[in-house]
Amino acid sequence: MSVDLSVDIGGGLTLANPFIAASGCFGYGVEYADVVDLSTLGAVAVKGLFLDEREGHPPERIVETPSGMLNAIGLQGIGVRRFVAEKLPPLRERGAVVMVNICGSTIDEYAEVARILDDAEGVAAIELNISCPNIRKGGMMFGCSLAGTRDVVAAVRKVTRLPLVPKLTPNVTDVAAFAAAARDAGADAVSLVNTFLAMAIDVETRRPRLSNVMGGLSGPAIRPIAVRMVHECRRAVSIPLIGMGGIMNADDALEFLIAGATAVQVGTANFVDPFIWGKLTAGLTGYLERHGMAAVTEVVGSLDLSTRDAGPTPEAACS
Amino acid sequence: MSVDLSVDIGGGLTLANPFIAASGCFGYGVEYADVVDLSTLGAVAVKGLFLDEREGHPPERIVETPSGMLNAIGLQGIGVRRFVAEKLPPLRERGAVVMVNICGSTIDEYAEVARILDDAEGVAAIELNISCPNIRKGGMMFGCSLAGTRDVVAAVRKVTRLPLVPKLTPNVTDVAAFAAAARDAGADAVSLVNTFLAMAIDVETRRPRLSNVMGGLSGPAIRPIAVRMVHECRRAVSIPLIGMGGIMNADDALEFLIAGATAVQVGTANFVDPFIWGKLTAGLTGYLERHGMAAVTEVVGSLDLSTRDAGPTPEAACS
Amino acid sequence: MPVDVDATVLSNTRLSSDYNVLGLAAPAIAAAAEPGQFVMVKPGLGDHPLLRRPFSVFEVIEDDAGRVTGLSLLNKRIGVTTRTLFGLEPGARVRCLGPLGRPFSPAAPPERAWMVAGGVGLAPFHTLAVALRARGVESTLFYGARSAAELFHLDAFRRLGVRLQLATDDGSRGDHGLVAAPLERALRGLGPAAPLRLYACGPTPMMRAVTDLAHAHGRRTEVSLEQVMGCGLGGCYSCVVPVRRNGGRPRFVRSCLDGPVFDGRTVVWDGLGAG
Amino acid sequence: MPVDVDATVLSNTRLSSDYNVLGLAAPAIAAAAEPGQFVMVKPGLGDHPLLRRPFSVFEVIEDDAGRVTGLSLLNKRIGVTTRTLFGLEPGARVRCLGPLGRPFSPAAPPERAWMVAGGVGLAPFHTLAVALRARGVESTLFYGARSAAELFHLDAFRRLGVRLQLATDDGSRGDHGLVAAPLERALRGLGPAAPLRLYACGPTPMMRAVTDLAHAHGRRTEVSLEQVMGCGLGGCYSCVVPVRRNGGRPRFVRSCLDGPVFDGRTVVWDGLGAG
Ligand SMILES: Cc1cc2nc3c(=O)[nH]c(=O)nc-3n(C[C@H](O)[C@H](O)[C@H](O)COP(=O)(O)OP(=O)(O)OC[C@H]3O[C@@H](n4cnc5c(N)ncnc54)[C@H](O)[C@@H]3O)c2cc1C
Ligand SMILES: Cc1cc2nc3c(=O)[nH]c(=O)nc-3n(C[C@H](O)[C@H](O)[C@H](O)COP(=O)(O)OP(=O)(O)OC[C@H]3O[C@@H](n4cnc5c(N)ncnc54)[C@H](O)[C@@H]3O)c2cc1C
Ligand SMILES: Cc1cc2nc3c(=O)[nH]c(=O)nc-3n(C[C@H](O)[C@H](O)[C@H](O)COP(=O)(O)O)c2cc1C
Ligand SMILES: Cc1cc2nc3c(=O)[nH]c(=O)nc-3n(C[C@H](O)[C@H](O)[C@H](O)COP(=O)(O)O)c2cc1C
Ligand code: FES
Ligand code: FES
């Protein structure tokens, strides 16, 4: 490998390569230690953690849909304290770069979780899952309100010096405005997208297929929408973007990098092929070599609009 | 056929069956007269019309994506007057129930197009495409602003007694609020969803695959999101809903009907199989017979949530 | 250490219009698999359908020299992947990840072993029967199916010295009705002191009934559950089973890591979901 | 009146590592198709890939008694569908909708006909050559390819009495370089008064060059364009070609209805898109 795959995702954090295991799709990382050398991943984003343990939703929790899957796991998890005590040590030992995905029902909970992680050893970054329910605000999601986004990011910013990466929901009208709000409140980078709220019905029983009625759509089906959102955010903010949504191979990852993501996360594809990580770095390296690029940073944001209309034309959505 | 497939979609309009050809996916209907008996469709929604002719975007205008397609046609069209003169007579002759999909750059243009159609013979309903560019308002789409939605629906409502069906964009945070706004402004029904704004990049050339950079995602990929949106609107308003997004067969259509749509539109699937219409009515009839239902209206909104949580839990989107 | 093998289809034996046995050239997995473990399978190389599907290792295939050359799956057509697996011709490719999950704990003499299978629930018991025979355990298979035509591999089990107790829904062979009936007779016939291990795999209501029946006779049952699985490796938390251990409250545990084999009495059957 | 046929693959003849000829049992379409028309094709029954793809009708297949039994496609592997079509075995199914589009307008004596093909652009010319022969038109095929190994079906054209003018990129057969070279020589050789019809199909730059060359010699060219098509029936407006007619401004017309055959001089080549 003569090419440089390392990327700077902000807040002083440099990753050896741009490939990050997506939160909720890689357990706490340790589950995969037998299958992949965790230190070879750019980073590992662990499953979303609240302050306390959570049981999550009853089965059925997933259902496959055309080129995608719905999940309604309900953030089952061991809580941040058990994570720090039980999972961080083996992750550290294996050289994993750990992004901890955190959730909260209130701003105080977010801040408390972040504080605990700030004190812990072996946390490389905090990914702020702001499409979580905001119980205090009557069920409105932080991630669907600009003010909520600003408030929660600012509150967490106050309690930690760790690189702070809010994760944006795609279920909004103008995702770039949320990226800007997150930046204004002190985010070092943003990651996008989380899953699309969706639903599937068993027509024979006329019941929802998921116990929770609705779930989040991930996988290749959403990729074109996710790429568009990364492109929009790239035009709106200059902090690093971590793109994701339906990446199945190096070419798919390149769409996000070209659109302006500095790094990418891979979720659903890891279920299909847990050995995907080596293939991704090999594919990216091959591409860069073929295109005479010495570093992955050359491809980031390299979208060529010269032969096209300059900007996004909302018109397209109703053509 | 012993079952009754007819549905009342509001404004006094009853369709012989719930299957409507989606706008932009069936030309002006006349193109398909050789392939299907147009009078056997519930209705035909013709391609979106402005007041004047439009050339649309240069090629490439479509690209296939996983279980979907992007299009950026750019609303090429002959304008409403030529439509009335050239297309309505043959459509009338063939017994087609015609929904005219109308667009405008300004509220006045919408109203003018509607007025012309109100005077014409053979228009069964107006479908108001409110995800179109609003040039007056600086590029904001009517369909992405509640006030814009209310204004344009109210303006068109004033000039026509035809059944009025605003077509909602899915590119918003809370689609049900738009359904309610449309209803408040006088809509007889709403149809949803239009396409999802999306983008694909050719990684070899690093150029967008569509000449217009962005386009609209349709096809099976979006179905779970579209079904969710129909479900949300059903809980928010009681006017009829016309559901669509990725319907490929009768079972897919049933998901929408069960979620609460009174009728459905089929777009992309018509490209794949122009003979789909007979299969849809046969499939639906078979289902109703098998389930001992005498009329399609029995299945509309029959979603059984008894064994599930009562409501939508936004939590699902970040599980 | 699970491995992922791009396995060639060695054979496809159709047993009925819905069942087949698919031989796959995945010797590394076959050699490592213990009875009750599973593999995550995906036919072809494309992305359709997207996710892998879990299957028990049915048989370990050996050549004449006794070298392990592959494994087979007992497949029942119920949806998109199982339909594809039913139709594959030798030479086709199937991606196969495994072995995965916690195996059965095999009995040892003087214990005797009773296996209770319903339909495709037969799948994990062939390898178990081989292991039991190797350990010199006396074993019986209680096996229920829709009809005589869907009772498969009886001779193979007989050759392994397994006694058979059959039942069919239509009465065309063995007991008329559920396999619980011959099981109950046998439990009643066996003294409560006789050491016994019970294993069950089949439709959820059947495993639940077997667990309850066994419990009523003071016996435990190891059940092999068939939860929907997204990854098979503990990554997605889709496959959970509500389990109550040591009198605590029910917790969702991942079936792909903690199972698919569970102590039936710990399973909170009402919370298992529709699958 | 296009029809949709769930056609069985009759034969698959591999011509090279990228080209094959696929015989399809779609007699109703074959019997109705005119030279230059196309079919919309989708292998298998599933939804992957989603959309059909357009292909010229290459040959009309007849049995010994002269009854039409199907049609063939000349297929070049470039992506997902063409890759599948390359690999299909006899007995597989391909959904085939057609015939579609405006055909070539065949020449009539005393006109002579020159067909200019580049690569897979050969596809529409076999049926045209058959039609021309039936009308007694003297015809020549100017045919360029990457190398001699990719010049296909030469004997078939010879048997139809077609004269051949070949060119290859690597000079392994015929002219070294573009097929425009022998065409230019021929145009120069032919008196301007001799009645001639020119047809071209191939890569866009080649068709454009042929059109310009012909124009410089006072000739029209019918070009068969290969726009990306979503439906083939006029429903989607994806396949448009910018066309300037009667000195007006360019208008986007649908290639599936108004084409795929156009008068080359009316095509606004710069606006054709990347396809
Ligand atoms: C550990 C384990 C071992 C298994 N071993 C075998 C085996 O040896 N042989 C075998 O044939 N099957 C086995 N199964 C079941 C098998 O995984 C499913 O039949 C398969 O996933 C269905 O895939 P499909 O694509 O054909 O169906 P899909 O198209 O995915 O689904 C079709 C329908 O079946 C339902 N369904 C899907 N999965 C299940 C399930 N697990 N239980 C009940 N309903 C379901 C779906 O909800 C849907 O309604 C096993 C499952 C597990 C968890
Ligand atoms: C009227 C007509 C007749 C045709 N006849 C033939 C024929 O007889 N034989 C034959 O082999 N092909 C023919 N083609 C071209 C054929 O339709 C394309 O090769 C095919 O659609 C590619 O499908 P795919 O799924 O293999 O490629 P995809 O996976 O869809 O695309 C692979 C790549 O090729 C590009 N591409 C797709 N379609 C085209 C196109 N039309 N032109 C250039 N680039 C494209 C895509 O942008 C992408 O980069 C014809 C096209 C038209 C419009
Ligand atoms: C089963 C599952 C669980 C997930 N859990 C979380 C989570 O805990 N926190 C989070 O931020 N995102 C979660 N996600 C979203 C993913 O991290 C990712 O944003 C999304 O799946 C899109 O990427 P993909 O298409 O590559 O899967 C989850 C996704 C899946 C499929
Ligand atoms: C090529 C194409 C053109 C379209 N043109 C229009 C249009 O003119 N007006 C409109 O309201 N919707 C238009 N749509 C959106 C469809 O009517 C429909 O809302 C969408 O495609 C989702 O349905 P489907 O998945 O069944 O295609 C178009 C869609 C496609 C694919
Ligand atoms: S199947 Fe993914 S955690 Fe068990
Ligand atoms: S391919 Fe759809 S209009 Fe021509």
# chains A, B, ... in the order shown; residues from 1 in each chain; ligands from 1

$ interface_residues --of "chain C" --to "chain A" --cutoff "9 Å" --atoms "only C-alpha atoms" --output "ChimeraX atom specification"
/C:1-4,42,47-52,97,227-242,251-252,271-275

$ write_last_selection --atoms "C-alpha atoms" --output "short mmCIF file (atom, residue, chain, number, x, y, z; two decimals), in the first residue's frame"
data_model
loop_
_atom_site.label_atom_id
_atom_site.label_comp_id
_atom_site.auth_asym_id
_atom_site.auth_seq_id
_atom_site.Cartn_x
_atom_site.Cartn_y
_atom_site.Cartn_z
CA MET C 1 -13.73 -18.75 15.25
CA PRO C 2 -16.40 -18.75 12.58
CA VAL C 3 -15.28 -18.76 8.98
CA ASP C 4 -17.06 -17.64 5.82
CA LYS C 42 -26.79 -16.59 1.54
CA ASP C 47 -27.49 -8.41 -2.63
CA HIS C 48 -30.94 -9.96 -3.06
CA PRO C 49 -32.25 -10.83 -0.62
CA LEU C 50 -30.03 -8.71 1.55
CA LEU C 51 -29.53 -10.66 4.75
CA ARG C 52 -28.27 -14.14 5.42
CA LEU C 97 -20.71 -18.53 7.75
CA GLN C 227 -35.68 -16.58 16.13
CA VAL C 228 -35.27 -14.30 13.14
CA MET C 229 -31.57 -13.43 12.96
CA GLY C 230 -29.94 -10.47 11.28
CA CYS C 231 -26.29 -11.28 11.77
CA GLY C 232 -25.72 -14.46 13.78
CA LEU C 233 -22.74 -12.92 15.55
CA GLY C 234 -24.18 -10.76 18.31
CA GLY C 235 -24.02 -7.53 16.35
CA CYS C 236 -27.64 -6.56 15.80
CA TYR C 237 -29.71 -7.63 18.81
CA SER C 238 -32.51 -8.79 16.54
CA CYS C 239 -32.65 -12.41 17.71
CA VAL C 240 -33.46 -11.92 21.35
CA VAL C 241 -35.32 -14.38 23.53
CA PRO C 242 -36.85 -13.35 26.85
CA ARG C 251 -34.09 -10.36 30.18
CA PHE C 252 -33.68 -10.33 26.45
CA GLY C 271 -42.59 -12.97 24.72
CA LEU C 272 -41.06 -14.84 21.82
CA GLY C 273 -42.72 -12.89 19.04
CA ALA C 274 -44.57 -14.07 16.01
CA GLY C 275 -41.56 -15.84 14.47
#

$ residues_near_ligand --ligand "ligand 1" --cutoff "9 Å" --atoms "only C-alpha atoms and all ligand atoms" --output "MDAnalysis selection string"
(chainID A and resid 60 63:64 202 209) or (chainID C and resid 19:20 36:41 49 51:58 73:85 100:101 120:124 203:204 224:229 232 239 255:256 259:261 274:275)

$ atom_distance --atom1 "atom CA of D:Ala129" --atom2 "atom CA of D:Leu160"
6.8 Å

$ residues_around --residues "stretch 169-175 of chain C" --least-positions-apart "4" --cutoff "7 Å" --atoms "only C-alpha atoms" --output "mmCIF file with all heavy atoms, in the first residue's frame"
data_model
loop_
_atom_site.group_PDB
_atom_site.id
_atom_site.type_symbol
_atom_site.label_atom_id
_atom_site.label_comp_id
_atom_site.auth_asym_id
_atom_site.auth_seq_id
_atom_site.Cartn_x
_atom_site.Cartn_y
_atom_site.Cartn_z
ATOM 1 N N ALA C 145 -44.744 -35.004 12.038
ATOM 2 C CA ALA C 145 -44.797 -34.284 10.760
ATOM 3 C C ALA C 145 -46.242 -34.272 10.287
ATOM 4 O O ALA C 145 -47.116 -34.882 10.910
ATOM 5 C CB ALA C 145 -43.899 -34.954 9.730
ATOM 6 N N ARG C 146 -46.455 -33.560 9.170
ATOM 7 C CA ARG C 146 -47.824 -33.468 8.675
ATOM 8 C C ARG C 146 -48.358 -34.828 8.231
ATOM 9 O O ARG C 146 -49.488 -35.178 8.474
ATOM 10 C CB ARG C 146 -47.893 -32.461 7.531
ATOM 11 C CG ARG C 146 -47.925 -31.026 8.044
ATOM 12 C CD ARG C 146 -48.058 -30.033 6.922
ATOM 13 N NE ARG C 146 -46.850 -30.033 6.088
ATOM 14 C CZ ARG C 146 -46.518 -29.048 5.252
ATOM 15 N NH1 ARG C 146 -47.307 -28.003 5.121
ATOM 16 N NH2 ARG C 146 -45.419 -29.114 4.538
ATOM 17 N N SER C 147 -47.473 -35.583 7.554
ATOM 18 C CA SER C 147 -47.933 -36.876 7.033
ATOM 19 C C SER C 147 -46.725 -37.794 6.901
ATOM 20 O O SER C 147 -45.573 -37.369 7.028
ATOM 21 C CB SER C 147 -48.578 -36.692 5.654
ATOM 22 O OG SER C 147 -47.563 -36.321 4.736
ATOM 23 N N ALA C 148 -46.998 -39.059 6.601
ATOM 24 C CA ALA C 148 -45.918 -40.035 6.466
ATOM 25 C C ALA C 148 -44.897 -39.581 5.421
ATOM 26 O O ALA C 148 -43.696 -39.804 5.570
ATOM 27 C CB ALA C 148 -46.506 -41.399 6.088
#

$ residues_around --residues "stretch 207-219 of chain D" --least-positions-apart "4" --cutoff "12 Å" --atoms "only C-alpha atoms" --output "PyMOL selection string"
chain D and resi 113-119+121+142+144+178-203+223-226+261-270+272

$ select_by_dssp --residues "stretch 140-277 of chain B" --states "strand (DSSP E)" --output "JSON, numbers by chain"
{"B": [164, 165, 166, 167, 190, 191, 192, 196, 197, 198, 199, 201, 202, 207, 208, 214, 215, 216, 217, 218, 241, 242, 243, 263, 264, 265, 266]}

$ atom_distance --atom1 "atom CA of B:Asp119" --atom2 "atom CA of B:Pro166"
19.4 Å

$ select_by_dssp --residues "stretch 11-249 of chain D" --states "helix (DSSP H, G or I)" --output "JSON, numbers by chain"
{"D": [27, 28, 29, 30, 31, 32, 80, 81, 82, 83, 84, 85, 86, 87, 119, 120, 121, 122, 125, 126, 127, 128, 129, 130, 131, 132, 133, 134, 148, 149, 150, 154, 155, 156, 157, 158, 159, 180, 181, 182, 183, 184, 185, 186, 187, 188, 189, 204, 205, 206, 207, 208, 209, 210, 211, 212, 213, 214, 215, 216]}

$ closest_residue --among "D:Phe125, D:Leu154, D:His176, D:Gly46" --to "chain C" --atoms "only C-alpha atoms"
D:Gly46

$ closest_residue --among "A:Ala147, A:Ala180, A:Leu254, A:Ala124" --to "chain B" --atoms "only C-alpha atoms"
A:Leu254

$ residues_around --residues "B:Ala179" --least-positions-apart "4" --cutoff "12 Å" --atoms "only C-alpha atoms" --output "NGL selection string"
:B and (130 or 143-146 or 149-150 or 153 or 165-170 or 172 or 174-175 or 183-193 or 229-242)

$ atom_distance --atom1 "atom CA of B:Ala120" --atom2 "atom CA of B:Leu5"
28.2 Å

$ residues_around --residues "A:Val44" --least-positions-apart "6" --cutoff "9 Å" --atoms "only C-alpha atoms" --output "mmCIF file with all heavy atoms, in the first residue's frame"
data_model
loop_
_atom_site.group_PDB
_atom_site.id
_atom_site.type_symbol
_atom_site.label_atom_id
_atom_site.label_comp_id
_atom_site.auth_asym_id
_atom_site.auth_seq_id
_atom_site.Cartn_x
_atom_site.Cartn_y
_atom_site.Cartn_z
ATOM 1 N N PHE A 19 -12.940 3.786 7.487
ATOM 2 C CA PHE A 19 -14.036 2.829 7.668
ATOM 3 C C PHE A 19 -14.353 2.569 9.133
ATOM 4 O O PHE A 19 -13.529 2.033 9.874
ATOM 5 C CB PHE A 19 -13.724 1.525 6.946
ATOM 6 C CG PHE A 19 -13.556 1.713 5.468
ATOM 7 C CD1 PHE A 19 -12.313 1.559 4.870
ATOM 8 C CD2 PHE A 19 -14.635 2.088 4.679
ATOM 9 C CE1 PHE A 19 -12.150 1.749 3.502
ATOM 10 C CE2 PHE A 19 -14.487 2.280 3.311
ATOM 11 C CZ PHE A 19 -13.242 2.119 2.722
ATOM 12 N N ILE A 20 -15.563 2.934 9.511
ATOM 13 C CA ILE A 20 -16.012 2.842 10.900
ATOM 14 C C ILE A 20 -17.202 1.885 10.962
ATOM 15 O O ILE A 20 -18.115 1.971 10.132
ATOM 16 C CB ILE A 20 -16.449 4.241 11.406
ATOM 17 C CG1 ILE A 20 -15.302 5.248 11.246
ATOM 18 C CG2 ILE A 20 -16.952 4.167 12.845
ATOM 19 C CD1 ILE A 20 -15.724 6.696 11.520
ATOM 20 N N ALA A 21 -17.178 0.998 11.928
ATOM 21 C CA ALA A 21 -18.343 0.141 12.148
ATOM 22 C C ALA A 21 -19.468 0.993 12.728
ATOM 23 O O ALA A 21 -19.271 1.708 13.704
ATOM 24 C CB ALA A 21 -17.991 -1.002 13.093
ATOM 25 N N ALA A 22 -20.657 0.915 12.106
ATOM 26 C CA ALA A 22 -21.775 1.776 12.513
ATOM 27 C C ALA A 22 -22.401 1.296 13.816
ATOM 28 O O ALA A 22 -22.516 0.090 14.063
ATOM 29 C CB ALA A 22 -22.833 1.827 11.414
ATOM 30 N N SER A 23 -22.823 2.263 14.588
ATOM 31 C CA SER A 23 -23.432 1.975 15.879
ATOM 32 C C SER A 23 -24.664 1.085 15.740
ATOM 33 O O SER A 23 -25.495 1.295 14.864
ATOM 34 C CB SER A 23 -23.830 3.293 16.547
ATOM 35 O OG SER A 23 -24.474 3.030 17.764
ATOM 36 N N PHE A 26 -22.663 -3.550 15.330
ATOM 37 C CA PHE A 26 -21.376 -4.171 15.635
ATOM 38 C C PHE A 26 -21.321 -4.468 17.128
ATOM 39 O O PHE A 26 -20.237 -4.588 17.704
ATOM 40 C CB PHE A 26 -20.269 -3.175 15.231
ATOM 41 C CG PHE A 26 -18.949 -3.814 14.870
ATOM 42 C CD1 PHE A 26 -18.826 -4.575 13.713
ATOM 43 C CD2 PHE A 26 -17.818 -3.628 15.657
ATOM 44 C CE1 PHE A 26 -17.600 -5.142 13.352
ATOM 45 C CE2 PHE A 26 -16.590 -4.196 15.310
ATOM 46 C CZ PHE A 26 -16.479 -4.958 14.156
ATOM 47 N N TYR A 28 -20.949 -4.386 20.922
ATOM 48 C CA TYR A 28 -19.975 -3.534 21.615
ATOM 49 C C TYR A 28 -18.574 -3.747 21.058
ATOM 50 O O TYR A 28 -17.581 -3.480 21.731
ATOM 51 C CB TYR A 28 -20.007 -3.809 23.123
ATOM 52 C CG TYR A 28 -21.331 -3.452 23.747
ATOM 53 C CD1 TYR A 28 -22.170 -4.437 24.242
ATOM 54 C CD2 TYR A 28 -21.752 -2.127 23.791
ATOM 55 C CE1 TYR A 28 -23.412 -4.109 24.773
ATOM 56 C CE2 TYR A 28 -22.992 -1.794 24.313
ATOM 57 C CZ TYR A 28 -23.811 -2.790 24.804
ATOM 58 O OH TYR A 28 -25.035 -2.462 25.316
ATOM 59 N N GLY A 29 -18.516 -4.258 19.842
ATOM 60 C CA GLY A 29 -17.218 -4.465 19.212
ATOM 61 C C GLY A 29 -16.585 -5.787 19.600
ATOM 62 O O GLY A 29 -16.129 -6.544 18.740
ATOM 63 N N LEU A 38 -9.787 -5.812 15.457
ATOM 64 C CA LEU A 38 -10.486 -4.538 15.655
ATOM 65 C C LEU A 38 -9.580 -3.332 15.410
ATOM 66 O O LEU A 38 -10.054 -2.252 15.073
ATOM 67 C CB LEU A 38 -11.079 -4.475 17.071
ATOM 68 C CG LEU A 38 -12.114 -5.555 17.422
ATOM 69 C CD1 LEU A 38 -12.627 -5.353 18.847
ATOM 70 C CD2 LEU A 38 -13.280 -5.557 16.443
ATOM 71 N N ALA A 96 -8.743 -1.135 19.625
ATOM 72 C CA ALA A 96 -9.856 -0.536 18.890
ATOM 73 C C ALA A 96 -9.940 0.960 19.176
ATOM 74 O O ALA A 96 -9.728 1.396 20.308
ATOM 75 C CB ALA A 96 -11.169 -1.217 19.285
ATOM 76 N N VAL A 97 -10.218 1.737 18.120
ATOM 77 C CA VAL A 97 -10.520 3.157 18.287
ATOM 78 C C VAL A 97 -12.022 3.251 18.521
ATOM 79 O O VAL A 97 -12.818 2.938 17.628
ATOM 80 C CB VAL A 97 -10.120 3.949 17.025
ATOM 81 C CG1 VAL A 97 -10.517 5.410 17.156
ATOM 82 C CG2 VAL A 97 -8.620 3.787 16.766
ATOM 83 N N VAL A 98 -12.394 3.652 19.726
ATOM 84 C CA VAL A 98 -13.791 3.499 20.134
ATOM 85 C C VAL A 98 -14.545 4.831 20.089
ATOM 86 O O VAL A 98 -14.181 5.791 20.768
ATOM 87 C CB VAL A 98 -13.881 2.901 21.553
ATOM 88 C CG1 VAL A 98 -15.339 2.748 21.976
ATOM 89 C CG2 VAL A 98 -13.148 1.572 21.617
ATOM 90 N N MET A 99 -15.605 4.860 19.258
ATOM 91 C CA MET A 99 -16.562 5.960 19.304
ATOM 92 C C MET A 99 -17.747 5.451 20.102
ATOM 93 O O MET A 99 -18.316 4.409 19.750
ATOM 94 C CB MET A 99 -17.080 6.312 17.905
ATOM 95 C CG MET A 99 -16.083 6.996 17.006
ATOM 96 S SD MET A 99 -16.825 7.365 15.380
ATOM 97 C CE MET A 99 -17.934 8.703 15.820
ATOM 98 N N VAL A 100 -18.122 6.165 21.129
ATOM 99 C CA VAL A 100 -19.261 5.699 21.906
ATOM 100 C C VAL A 100 -20.500 6.495 21.511
ATOM 101 O O VAL A 100 -20.537 7.714 21.600
ATOM 102 C CB VAL A 100 -19.002 5.803 23.415
ATOM 103 C CG1 VAL A 100 -20.189 5.203 24.180
ATOM 104 C CG2 VAL A 100 -17.725 5.067 23.782
ATOM 105 N N GLN A 265 -19.366 5.161 7.749
ATOM 106 C CA GLN A 265 -19.706 4.045 8.624
ATOM 107 C C GLN A 265 -20.424 2.973 7.812
ATOM 108 O O GLN A 265 -21.087 3.269 6.815
ATOM 109 C CB GLN A 265 -20.581 4.511 9.787
ATOM 110 C CG GLN A 265 -19.835 5.458 10.732
ATOM 111 C CD GLN A 265 -20.597 5.740 12.017
ATOM 112 O OE1 GLN A 265 -21.602 5.112 12.317
ATOM 113 N NE2 GLN A 265 -20.115 6.710 12.784
#

$ closest_residue --among "D:Arg249, D:Arg102, D:Ala7, D:Glu111" --to "ligand 6" --atoms "only C-alpha atoms and all ligand atoms"
D:Arg102

$ decode --residues "stretch 15-26 of chain A" --atoms "N, CA and C atoms" --output "PDB file, in the first residue's frame"
ATOM      1  N   LEU A  15      -7.948   8.926  12.086  1.00  0.00           N
ATOM      2  CA  LEU A  15      -8.196   7.485  11.971  1.00  0.00           C
ATOM      3  C   LEU A  15      -7.253   6.905  10.923  1.00  0.00           C
ATOM      4  N   ALA A  16      -6.869   5.669  11.125  1.00  0.00           N
ATOM      5  CA  ALA A  16      -5.940   5.015  10.191  1.00  0.00           C
ATOM      6  C   ALA A  16      -6.573   4.812   8.816  1.00  0.00           C
ATOM      7  N   ASN A  17      -7.878   4.672   8.801  1.00  0.00           N
ATOM      8  CA  ASN A  17      -8.598   4.579   7.522  1.00  0.00           C
ATOM      9  C   ASN A  17     -10.022   5.070   7.751  1.00  0.00           C
ATOM     10  N   PRO A  18     -10.747   5.335   6.681  1.00  0.00           N
ATOM     11  CA  PRO A  18     -12.057   5.991   6.862  1.00  0.00           C
ATOM     12  C   PRO A  18     -13.211   5.048   7.191  1.00  0.00           C
ATOM     13  N   PHE A  19     -12.940   3.786   7.487  1.00  0.00           N
ATOM     14  CA  PHE A  19     -14.036   2.829   7.668  1.00  0.00           C
ATOM     15  C   PHE A  19     -14.353   2.569   9.133  1.00  0.00           C
ATOM     16  N   ILE A  20     -15.563   2.934   9.511  1.00  0.00           N
ATOM     17  CA  ILE A  20     -16.012   2.842  10.900  1.00  0.00           C
ATOM     18  C   ILE A  20     -17.202   1.885  10.962  1.00  0.00           C
ATOM     19  N   ALA A  21     -17.178   0.998  11.928  1.00  0.00           N
ATOM     20  CA  ALA A  21     -18.343   0.141  12.148  1.00  0.00           C
ATOM     21  C   ALA A  21     -19.468   0.993  12.728  1.00  0.00           C
ATOM     22  N   ALA A  22     -20.657   0.915  12.106  1.00  0.00           N
ATOM     23  CA  ALA A  22     -21.775   1.776  12.513  1.00  0.00           C
ATOM     24  C   ALA A  22     -22.401   1.296  13.816  1.00  0.00           C
ATOM     25  N   SER A  23     -22.823   2.263  14.588  1.00  0.00           N
ATOM     26  CA  SER A  23     -23.432   1.975  15.879  1.00  0.00           C
ATOM     27  C   SER A  23     -24.664   1.085  15.740  1.00  0.00           C
ATOM     28  N   GLY A  24     -24.752   0.114  16.616  1.00  0.00           N
ATOM     29  CA  GLY A  24     -25.897  -0.783  16.632  1.00  0.00           C
ATOM     30  C   GLY A  24     -25.759  -1.940  15.668  1.00  0.00           C
ATOM     31  N   CYS A  25     -24.688  -1.912  14.888  1.00  0.00           N
ATOM     32  CA  CYS A  25     -24.493  -2.944  13.871  1.00  0.00           C
ATOM     33  C   CYS A  25     -23.234  -3.752  14.149  1.00  0.00           C
ATOM     34  N   PHE A  26     -22.663  -3.550  15.330  1.00  0.00           N
ATOM     35  CA  PHE A  26     -21.376  -4.171  15.635  1.00  0.00           C
ATOM     36  C   PHE A  26     -21.321  -4.468  17.128  1.00  0.00           C
TER      37      PHE A  26
END
